[in-house]
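Novice: Handing over work.csv, CSV, C-alpha atoms.
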```
chain,number,residue,atom,x,y,z
P,1,MET,CA,2.2,-21.2,7.7
P,2,SER,CA,5.9,-21.0,8.1
P,3,GLY,CA,9.0,-19.5,6.5
P,4,ALA,CA,8.6,-16.8,3.8
P,5,THR,CA,4.9,-16.4,4.5
P,6,ASP,CA,4.9,-16.4,8.3
P,7,PRO,CA,4.3,-12.8,9.5
P,8,GLY,CA,6.3,-13.6,12.6
P,9,THR,CA,9.5,-13.8,10.5
P,10,GLY,CA,9.4,-10.0,9.7
P,11,ARG,CA,8.9,-6.6,11.3
P,12,ALA,CA,6.2,-4.0,10.9
P,13,ASN,CA,6.8,-1.8,7.9
P,14,LEU,CA,6.4,1.2,10.3
P,15,GLU,CA,9.5,0.1,12.2
P,16,VAL,CA,11.5,0.2,8.9
P,17,PHE,CA,9.8,3.5,8.0
P,18,ALA,CA,11.1,5.1,11.2
P,19,GLU,CA,14.6,3.9,10.5
P,20,ILE,CA,14.6,5.2,7.0
P,21,VAL,CA,13.2,8.6,8.1
P,22,GLU,CA,16.2,8.9,10.4
P,23,GLU,CA,18.6,7.9,7.7
P,24,LEU,CA,17.1,10.4,5.3
P,25,ALA,CA,17.2,13.2,7.9
P,26,ALA,CA,20.8,12.5,8.6
P,27,ALA,CA,21.7,12.8,4.9
P,28,ASP,CA,19.4,15.8,4.2
P,29,PRO,CA,19.7,18.7,6.7
P,30,SER,CA,16.6,20.3,5.1
P,31,LEU,CA,14.3,17.3,5.9
P,32,LEU,CA,11.4,17.8,8.4
P,33,VAL,CA,8.7,15.5,9.6
P,34,VAL,CA,5.3,16.9,10.2
P,35,THR,CA,2.8,14.9,12.3
P,36,SER,CA,-0.7,15.2,13.5
P,37,ASP,CA,-0.4,13.8,17.0
P,38,SER,CA,0.8,10.6,15.3
P,39,ARG,CA,4.4,10.2,16.2
P,40,GLY,CA,3.6,7.3,18.4
P,41,SER,CA,1.4,5.5,15.8
P,42,ALA,CA,4.2,6.1,13.2
P,43,ARG,CA,6.9,4.8,15.5
P,44,LEU,CA,8.6,8.2,15.4
P,45,SER,CA,9.0,8.9,19.1
P,46,ALA,CA,12.6,7.8,19.2
P,47,PHE,CA,13.3,10.0,16.1
P,48,ALA,CA,11.7,12.9,17.9
P,49,SER,CA,13.8,12.4,20.9
P,50,ARG,CA,17.0,12.2,18.9
P,51,MET,CA,16.2,15.0,16.4
P,52,PRO,CA,13.7,17.2,18.2
P,53,ASN,CA,14.4,20.1,15.8
P,54,ARG,CA,13.4,18.0,12.8
P,55,ILE,CA,9.8,17.3,13.7
P,56,VAL,CA,6.8,19.6,13.6
P,57,GLU,CA,3.7,18.7,15.6
P,58,VAL,CA,0.4,20.3,14.4
P,59,GLY,CA,-1.9,18.3,16.7
P,60,ILE,CA,-5.1,16.6,15.5
P,61,ALA,CA,-5.5,18.9,12.5
P,62,GLU,CA,-4.9,16.9,9.4
P,63,GLN,CA,-5.8,19.7,7.0
P,64,ASN,CA,-3.2,21.9,8.7
P,65,LEU,CA,-0.8,19.1,8.5
P,66,VAL,CA,-0.9,19.0,4.7
P,67,GLY,CA,-1.0,22.8,4.3
P,68,VAL,CA,2.0,23.3,6.6
P,69,ALA,CA,3.9,20.5,4.8
P,70,ALA,CA,3.2,22.1,1.4
P,71,GLY,CA,4.3,25.5,2.7
P,72,LEU,CA,7.5,24.1,4.1
P,73,VAL,CA,8.3,22.5,0.8
P,74,ALA,CA,7.6,25.8,-1.0
P,75,GLY,CA,10.2,27.3,1.3
P,76,GLY,CA,12.8,24.7,0.2
P,77,ARG,CA,12.5,22.0,2.8
P,78,THR,CA,12.1,18.3,2.2
P,79,VAL,CA,8.9,17.2,4.1
P,80,ILE,CA,7.4,13.9,5.2
P,81,ALA,CA,3.8,14.4,6.4
P,82,VAL,CA,2.5,11.6,8.6
P,83,SER,CA,-1.0,10.9,9.7
P,84,PRO,CA,-3.4,7.9,10.0
P,85,ALA,CA,-4.4,7.0,6.5
P,86,SER,CA,-8.1,7.0,7.3
P,87,PHE,CA,-7.9,10.8,8.0
P,88,LEU,CA,-5.1,11.8,5.7
P,89,ALA,CA,-7.1,10.8,2.6
P,90,THR,CA,-10.4,12.3,3.7
P,91,ARG,CA,-10.1,15.3,5.9
P,92,SER,CA,-7.1,16.6,4.0
P,93,LEU,CA,-8.2,15.6,0.5
P,94,GLU,CA,-8.7,19.2,-0.6
P,95,GLN,CA,-5.3,20.2,0.7
P,96,ILE,CA,-3.7,17.2,-1.1
P,97,LYS,CA,-5.5,18.1,-4.3
P,98,HIS,CA,-4.7,21.8,-4.3
P,99,ASP,CA,-1.8,22.6,-2.0
P,100,VAL,CA,0.3,19.6,-2.9
P,101,CYS,CA,-0.7,18.2,-6.3
P,102,TYR,CA,-2.0,21.2,-8.2
P,103,SER,CA,0.8,23.3,-6.7
P,104,ASP,CA,3.3,20.6,-7.5
P,105,ARG,CA,4.8,20.5,-4.0
P,106,PRO,CA,6.8,17.2,-3.6
P,107,VAL,CA,5.4,16.3,-0.2
P,108,ILE,CA,5.9,12.7,0.9
P,109,LEU,CA,2.5,11.9,2.4
P,110,VAL,CA,2.5,8.8,4.7
P,111,GLY,CA,-0.7,7.2,5.8
P,112,VAL,CA,-0.2,4.9,8.8
P,113,SER,CA,-2.4,2.2,10.2
P,114,ALA,CA,-3.9,1.8,6.7
P,115,GLY,CA,-6.7,-0.6,5.6
P,116,VAL,CA,-8.3,-2.2,8.5
P,117,SER,CA,-5.2,-2.0,10.8
P,118,TYR,CA,-7.2,-0.2,13.5
P,119,GLY,CA,-9.4,-3.4,13.7
P,120,ALA,CA,-12.2,-3.0,16.2
P,121,LEU,CA,-12.1,0.8,16.2
P,122,GLY,CA,-14.4,0.3,13.2
P,123,SER,CA,-15.2,1.9,9.9
P,124,THR,CA,-14.5,5.5,11.1
P,125,HIS,CA,-10.8,4.5,11.4
P,126,HIS,CA,-10.5,2.2,8.4
P,127,SER,CA,-8.9,3.6,5.2
P,128,LEU,CA,-10.6,1.7,2.5
P,129,HIS,CA,-11.0,4.7,0.2
P,130,ASP,CA,-7.5,6.2,-0.2
P,131,PHE,CA,-6.6,4.4,-3.4
P,132,ALA,CA,-9.8,5.5,-5.0
P,133,ALA,CA,-9.7,9.1,-3.9
P,134,LEU,CA,-6.0,9.6,-4.7
P,135,ARG,CA,-6.1,7.8,-8.0
P,136,ALA,CA,-8.5,10.4,-9.2
P,137,ILE,CA,-6.1,13.3,-8.4
P,138,HIS,CA,-3.6,14.3,-11.0
P,139,ASN,CA,0.2,14.4,-10.2
P,140,ILE,CA,0.5,12.0,-7.3
P,141,THR,CA,2.1,8.5,-7.0
P,142,VAL,CA,0.2,6.0,-4.8
P,143,VAL,CA,2.2,3.3,-3.2
P,144,ALA,CA,1.5,0.4,-0.8
P,145,PRO,CA,4.7,-1.5,0.1
P,146,ALA,CA,4.4,-5.3,0.5
P,147,ASP,CA,7.3,-5.9,2.9
P,148,ASN,CA,10.2,-4.2,4.7
P,149,TRP,CA,12.4,-4.2,1.6
P,150,GLU,CA,9.8,-2.4,-0.5
P,151,THR,CA,9.3,0.0,2.3
P,152,ARG,CA,13.0,1.0,2.3
P,153,GLU,CA,13.1,1.3,-1.5
P,154,ALA,CA,9.8,3.3,-1.7
P,155,LEU,CA,10.9,5.9,0.9
P,156,ARG,CA,14.2,6.3,-0.8
P,157,ALA,CA,12.5,6.6,-4.2
P,158,ALA,CA,10.0,9.1,-2.8
P,159,ALA,CA,12.9,11.3,-1.4
P,160,ASP,CA,14.4,11.4,-4.9
P,161,ALA,CA,11.1,11.8,-6.8
P,162,ARG,CA,10.6,15.6,-6.4
P,163,SER,CA,6.9,15.1,-7.0
P,164,PRO,CA,4.0,14.2,-4.7
P,165,VAL,CA,4.0,10.7,-3.3
P,166,TYR,CA,1.5,8.9,-1.0
P,167,ILE,CA,2.7,5.8,0.8
P,168,ARG,CA,0.5,3.7,3.1
P,169,PHE,CA,1.5,1.3,5.9
P,170,GLY,CA,-0.2,-1.2,8.2
P,171,LYS,CA,0.8,-1.8,11.8
P,172,LYS,CA,1.6,-5.5,12.1
P,173,PRO,CA,4.8,-7.5,11.5
P,174,ILE,CA,4.9,-9.0,8.0
P,175,PRO,CA,7.3,-11.3,6.2
P,176,ASP,CA,10.0,-10.2,3.8
P,177,LEU,CA,9.2,-11.6,0.4
P,178,PRO,CA,11.5,-13.3,-2.2
P,179,ARG,CA,12.9,-12.0,-5.4
P,180,ARG,CA,14.2,-8.5,-4.7
P,181,VAL,CA,14.8,-6.7,-7.9
P,182,GLU,CA,15.5,-3.1,-8.8
P,183,PHE,CA,12.7,-1.0,-7.4
P,184,SER,CA,11.0,1.9,-9.2
P,185,PHE,CA,7.6,3.4,-9.0
P,186,GLY,CA,5.2,2.1,-11.6
P,187,LYS,CA,6.9,-1.2,-12.0
P,188,GLY,CA,5.4,-4.3,-10.3
P,189,ARG,CA,7.5,-7.1,-8.7
P,190,ILE,CA,7.0,-10.7,-9.6
P,191,ILE,CA,7.2,-12.7,-6.4
P,192,ARG,CA,6.3,-16.1,-7.7
P,193,ASP,CA,6.0,-17.6,-11.2
P,194,GLY,CA,2.9,-19.5,-12.4
P,195,SER,CA,1.2,-20.7,-15.6
P,196,ASP,CA,-2.4,-21.4,-14.5
P,197,GLY,CA,-3.5,-18.3,-12.5
P,198,ALA,CA,-2.2,-15.2,-11.0
P,199,PHE,CA,-2.7,-13.1,-7.9
P,200,ILE,CA,-2.0,-9.3,-8.5
P,201,ALA,CA,-1.9,-8.0,-5.0
P,202,THR,CA,-0.8,-4.8,-3.3
P,203,GLY,CA,0.5,-3.8,0.1
P,204,GLU,CA,0.2,-6.1,3.0
P,205,THR,CA,-2.1,-8.5,1.2
P,206,VAL,CA,0.8,-9.8,-0.9
P,207,TRP,CA,2.1,-12.2,1.6
P,208,ARG,CA,-1.4,-13.6,2.1
P,209,ALA,CA,-1.6,-14.2,-1.7
P,210,LEU,CA,1.8,-15.9,-1.7
P,211,ALA,CA,0.7,-18.2,1.1
P,212,ALA,CA,-2.4,-19.1,-1.0
P,213,ALA,CA,-0.3,-19.7,-4.1
P,214,ASP,CA,2.0,-22.0,-2.1
P,215,ALA,CA,-1.0,-23.9,-0.8
P,216,LEU,CA,-2.5,-24.2,-4.3
P,217,ALA,CA,0.9,-25.6,-5.6
P,218,LYS,CA,0.3,-28.6,-3.3
P,219,THR,CA,-2.9,-29.3,-5.3
P,220,GLY,CA,-1.0,-29.1,-8.6
P,221,ALA,CA,-2.1,-25.5,-9.5
P,222,SER,CA,0.6,-23.2,-10.8
P,223,VAL,CA,-0.2,-19.7,-9.6
P,224,SER,CA,2.0,-16.6,-9.9
P,225,VAL,CA,2.1,-13.7,-7.5
P,226,VAL,CA,2.7,-10.1,-8.3
P,227,SER,CA,3.4,-7.3,-5.8
P,228,MET,CA,1.8,-4.3,-7.5
P,229,HIS,CA,3.3,-1.9,-4.9
P,230,THR,CA,2.5,1.2,-7.1
P,231,VAL,CA,-1.3,1.5,-7.5
P,232,LYS,CA,-0.8,4.7,-9.5
P,233,PRO,CA,0.8,4.8,-12.0
P,234,LEU,CA,-0.1,1.2,-12.6
P,235,ASP,CA,2.3,-1.2,-14.4
P,236,VAL,CA,0.1,-1.7,-17.4
P,237,GLU,CA,2.7,-3.8,-19.2
P,238,LEU,CA,3.0,-6.3,-16.4
P,239,VAL,CA,-0.8,-6.5,-16.0
P,240,CYS,CA,-1.1,-7.3,-19.7
P,241,THR,CA,1.7,-9.8,-19.6
P,242,VAL,CA,-0.1,-11.6,-16.7
P,243,GLY,CA,-3.4,-11.4,-18.5
P,244,ARG,CA,-2.0,-13.1,-21.6
P,245,SER,CA,-0.1,-15.8,-19.7
P,246,VAL,CA,-2.7,-17.3,-17.4
P,247,GLY,CA,-6.4,-18.2,-17.5
P,248,ALA,CA,-7.5,-16.7,-14.2
P,249,VAL,CA,-6.5,-13.5,-12.3
P,250,VAL,CA,-7.4,-12.4,-8.8
P,251,ALA,CA,-6.7,-8.8,-7.7
P,252,VAL,CA,-6.2,-8.5,-4.0
P,253,GLU,CA,-6.3,-5.3,-1.9
P,254,GLU,CA,-7.0,-4.1,1.6
P,255,HIS,CA,-9.4,-1.5,0.2
P,256,SER,CA,-12.9,-1.1,-1.0
P,257,GLU,CA,-13.9,-3.1,-4.0
P,258,HIS,CA,-14.6,0.3,-5.7
P,259,GLY,CA,-11.9,2.4,-7.3
P,260,GLY,CA,-8.8,0.5,-6.2
P,261,LEU,CA,-6.4,-2.0,-7.7
P,262,GLY,CA,-9.1,-4.3,-8.8
P,263,ASP,CA,-10.9,-1.7,-10.9
P,264,ALA,CA,-7.6,-0.4,-12.3
P,265,CYS,CA,-6.4,-3.9,-13.5
P,266,ALA,CA,-9.9,-4.7,-14.9
P,267,ARG,CA,-9.8,-1.6,-17.1
P,268,VAL,CA,-6.3,-2.4,-18.4
P,269,LEU,CA,-7.3,-6.0,-19.3
P,270,LEU,CA,-10.5,-4.9,-21.0
P,271,GLU,CA,-8.9,-2.1,-23.0
P,272,ALA,CA,-6.1,-4.5,-24.1
P,273,GLY,CA,-8.7,-7.1,-25.3
P,274,LEU,CA,-7.7,-9.6,-22.7
P,275,ALA,CA,-10.3,-11.8,-21.0
P,276,PRO,CA,-8.9,-14.1,-18.3
P,277,ARG,CA,-11.4,-15.2,-15.7
P,278,TYR,CA,-11.2,-12.4,-13.2
P,279,ARG,CA,-12.2,-11.6,-9.6
P,280,VAL,CA,-11.4,-9.0,-7.0
P,281,ALA,CA,-10.7,-9.8,-3.4
P,282,ALA,CA,-11.5,-6.6,-1.5
P,283,ILE,CA,-13.8,-5.1,1.1
P,284,PRO,CA,-17.4,-5.1,-0.2
P,285,ASP,CA,-19.6,-2.0,-0.3
P,286,GLU,CA,-20.6,-2.1,3.4
P,287,TYR,CA,-19.5,-0.9,6.8
P,288,THR,CA,-17.0,-3.5,7.9
P,289,VAL,CA,-17.7,-6.1,10.6
P,290,SER,CA,-16.0,-5.6,13.9
P,291,GLY,CA,-12.9,-7.4,14.9
P,292,SER,CA,-9.1,-7.5,14.6
P,293,GLN,CA,-7.4,-6.9,11.2
P,294,ASP,CA,-6.9,-10.6,10.7
P,295,GLU,CA,-10.6,-11.4,11.6
P,296,ILE,CA,-11.9,-8.7,9.3
P,297,LEU,CA,-9.7,-9.8,6.3
P,298,SER,CA,-10.6,-13.4,6.9
P,299,HIS,CA,-14.3,-12.6,7.1
P,300,TYR,CA,-14.1,-11.0,3.6
P,301,GLY,CA,-11.9,-13.7,2.1
P,302,ILE,CA,-8.7,-11.7,2.0
P,303,SER,CA,-6.7,-14.5,3.7
P,304,GLU,CA,-4.7,-17.6,2.7
P,305,SER,CA,-7.8,-19.8,2.9
P,306,GLY,CA,-10.2,-17.3,1.3
P,307,LEU,CA,-7.8,-16.6,-1.6
P,308,PHE,CA,-7.2,-20.3,-2.0
P,309,ARG,CA,-10.9,-20.9,-2.4
P,310,MET,CA,-11.4,-18.0,-4.8
P,311,MET,CA,-8.6,-19.0,-7.1
P,312,SER,CA,-9.5,-22.7,-6.9
P,313,ALA,CA,-13.1,-21.8,-8.0
P,314,LEU,CA,-11.8,-19.7,-10.9
P,315,LEU,CA,-9.4,-22.4,-12.1
P,316,SER,CA,-12.1,-25.0,-12.0
P,317,GLU,CA,-14.2,-22.9,-14.5
P,318,GLY,CA,-11.5,-23.4,-17.2
```
Is it possible to give me this structure as C-alpha cells?
Specialist:
Amino acid sequence: MSGATDPGTGRANLEVFAEIVEELAAADPSLLVVTSDSRGSARLSAFASRMPNRIVEVGIAEQNLVGVAAGLVAGGRTVIAVSPASFLATRSLEQIKHDVCYSDRPVILVGVSAGVSYGALGSTHHSLHDFAALRAIHNITVVAPADNWETREALRAAADARSPVYIRFGKKPIPDLPRRVEFSFGKGRIIRDGSDGAFIATGETVWRALAAADALAKTGASVSVVSMHTVKPLDVELVCTVGRSVGAVVAVEEHSEHGGLGDACARVLLEAGLAPRYRVAAIPDEYTVSGSQDEILSHYGISESGLFRMMSALLSEG
C-alpha cells in the first residue's frame, strides 16, 4: 500500500489527542485531565510536565477515575478522564452509567489503546465490548475517530457538547483520509464514492476498508467507503442512503461482532425495509488469538486482503 492508505504517512491519533488536550487547556482555565496511571499510554507526559496543576492522577483505580471526574464536573470544571479502553468500559461501567450519564455530567471519557491495540497482552486488555456496553446506556455519545483530522474535530466537539462523550483511540500511526467535511457527532463521513458495494467502517478500520476499496477498483468493482465515526447516535439517514444505492454492504469494526456498529446498521436497514447483501467484519465470539494488532486483525479478516475477499464474495452473489 502507499499514499492515502499507508499508515506510515500519518501519526497516531493519541499524539494528536495530546496536542488538542493542551490546546483546550490553554483556552479553558477550568479544564482538568484525570488519569488512572495512564499518562504515558495516553501520550500526556509532556502535558503533565508543562501543566502539572492541570492533571489529577488517581492511580490504577478506574472506578475512582470516573467518580472523581464526575464530581469535578459537578463543581464546575471541564474534565477529560483518560484510561485504557478495556478497563474504562468494564470496571467503571456503573460509574459511567450513574455518576456521568444519569447525573448528566458532561465528562469527556477517553479510552486509549482500544480494540486489540495491546496485541499480545491478550483478551484481558482488548476492548471489544465498549461499543456494545455504552450503546445500551442513555445519554452518552460514542465516537471512534478514523484519522488525525477526525480526532481533532471530535475532541473540539466534545469540549463544546456539554453532555457525556466517550472517544476511543488506538496506538499506532494511521493515515489521514480524504474528503474532510464539516464534522458533527451523529453524521458519517463519505470517504469514497461507489455504486456496487459499500464499506461502513468505524475508527481505525476505515483506512483498511479504503485500501480494500482501492484494490477492488482495480478489478472493476465500484465500492464506497463511509467513516461512521459516531457509533451512537448512528447516522441513520446515511446508512439508509447507502443501503438504497448499492447491492452489498460490509460493516467493519475493531470490536466484537455482537452489539457494535454491525448490529446497529443491520437494525437500521431492516427497519427501513432495505435488503442489500450484508456482512459484518468484526471479532467473532471467542477469546482472541495472540499476536500483534495487525496479526490479530488479519487473522479475523479485518485487513485490506480480508475485506477485499469479503466484498468480492458479496458482489459475486449479485
Novice: Mind giving me the straight-line distance from atom CA of P:Pro84 to atom CA of P:Thr288 in Å, one decimal?
Specialist: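 So the two atoms, atom CA of P:Pro84 and atom CA of P:Thr288, lie 17.9 Å apart.
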Novice: List as CSV every residue of stretch 62-133 of chain P that is in contact with stretch 261-271 of chain P, defined as an atom at most 12 Å from one of its atoms (using only C-alpha atoms), together with the nearest atom pair and the distance in Å rounded to one decimal, sorted by chain and then rising number.
Specialist:
```
residue,atom,partner,partner_atom,distance
P:Leu128,CA,P:Leu261,CA,11.6
P:His129,CA,P:Leu261,CA,11.3
P:Asp130,CA,P:Leu261,CA,11.2
P:Phe131,CA,P:Leu261,CA,7.7
P:Ala132,CA,P:Leu261,CA,8.7
```
Novice: To one decimal place, how far is atom CA of P:Glu62 from atom CA of P:Ser86 in Å?
Specialist: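 Interatomic distance here is 10.6 Å.
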Novice: To one decimal in Å, tell me the separation between atom CA of P:Tyr300 and atom CA of P:Phe17.
Specialist: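 Value for the atom CA of P:Tyr300-atom CA of P:Phe17 distance: 28.3 Å.
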Novice: Let me make sure I understand: among P:Ala48, P:Val112, P:Val165, P:Ile55, which one has the smallest atom-to-atom distance to P:Leu14 if we use only C-alpha atoms?
Specialist: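 Of P:Ala48, P:Val112, P:Val165, P:Ile55, the one nearest P:Leu14, counting only C-alpha atoms, is P:Val112.
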Novice: Excluding same-chain residues fewer than 6 positions from P:Thr219, what lies within 12 Å of it counting all atoms listed in the file, as a ChimeraX atom specification?
Specialist: /P:212-213,308-309,311-312,315
Novice: Determine the nearest neighbour of P:Lys172 from the options P:Thr124, P:Ser92, P:Ser245, P:Thr205, counting all atoms listed in the file.
Specialist: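 Ranked by minimum distance to P:Lys172, first place goes to P:Thr205.
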Novice: Generate the missing atoms of stretch 20-39 of chain P up to N, CA and C atoms and report them as a short mmCIF file (atom, residue, chain, number, x, y, z; two decimals), keeping the file's coordinate frame.
Specialist:
```cif
data_model
loop_
_atom_site.label_atom_id
_atom_site.label_comp_id
_atom_site.auth_asym_id
_atom_site.auth_seq_id
_atom_site.Cartn_x
_atom_site.Cartn_y
_atom_site.Cartn_z
N ILE P 20 14.26 4.54 8.23
CA ILE P 20 14.60 5.20 7.00
C ILE P 20 14.44 6.73 7.12
N VAL P 21 13.41 7.14 7.86
CA VAL P 21 13.20 8.60 8.10
C VAL P 21 14.49 9.15 8.76
N GLU P 22 15.01 8.46 9.76
CA GLU P 22 16.20 8.90 10.40
C GLU P 22 17.41 8.94 9.50
N GLU P 23 17.51 7.91 8.67
CA GLU P 23 18.60 7.90 7.70
C GLU P 23 18.50 9.03 6.70
N LEU P 24 17.30 9.29 6.22
CA LEU P 24 17.10 10.40 5.30
C LEU P 24 17.39 11.74 5.93
N ALA P 25 16.95 11.89 7.19
CA ALA P 25 17.20 13.20 7.90
C ALA P 25 18.66 13.40 8.14
N ALA P 26 19.40 12.32 8.41
CA ALA P 26 20.80 12.50 8.60
C ALA P 26 21.55 12.91 7.34
N ALA P 27 21.03 12.45 6.21
CA ALA P 27 21.70 12.80 4.90
C ALA P 27 21.19 14.11 4.35
N ASP P 28 20.01 14.58 4.78
CA ASP P 28 19.40 15.80 4.20
C ASP P 28 19.08 16.77 5.33
N PRO P 29 19.91 17.77 5.57
CA PRO P 29 19.70 18.70 6.70
C PRO P 29 18.36 19.50 6.51
N SER P 30 17.79 19.51 5.31
CA SER P 30 16.60 20.30 5.10
C SER P 30 15.30 19.47 5.46
N LEU P 31 15.46 18.18 5.76
CA LEU P 31 14.30 17.30 5.90
C LEU P 31 13.59 17.59 7.27
N LEU P 32 12.28 17.72 7.20
CA LEU P 32 11.40 17.80 8.40
C LEU P 32 10.31 16.80 8.30
N VAL P 33 9.90 16.32 9.45
CA VAL P 33 8.70 15.50 9.60
C VAL P 33 7.62 16.26 10.21
N VAL P 34 6.44 16.23 9.62
CA VAL P 34 5.30 16.90 10.20
C VAL P 34 4.26 15.85 10.57
N THR P 35 3.79 15.90 11.81
CA THR P 35 2.80 14.90 12.30
C THR P 35 1.60 15.54 12.86
N SER P 36 0.53 14.76 12.89
CA SER P 36 -0.70 15.20 13.50
C SER P 36 -1.05 14.36 14.68
N ASP P 37 -0.30 14.58 15.75
CA ASP P 37 -0.40 13.80 17.00
C ASP P 37 -0.29 12.30 16.68
N SER P 38 0.64 11.98 15.78
CA SER P 38 0.80 10.60 15.30
C SER P 38 2.18 10.05 15.38
N ARG P 39 3.05 10.71 16.14
CA ARG P 39 4.40 10.20 16.20
C ARG P 39 4.49 8.83 16.84
#
```
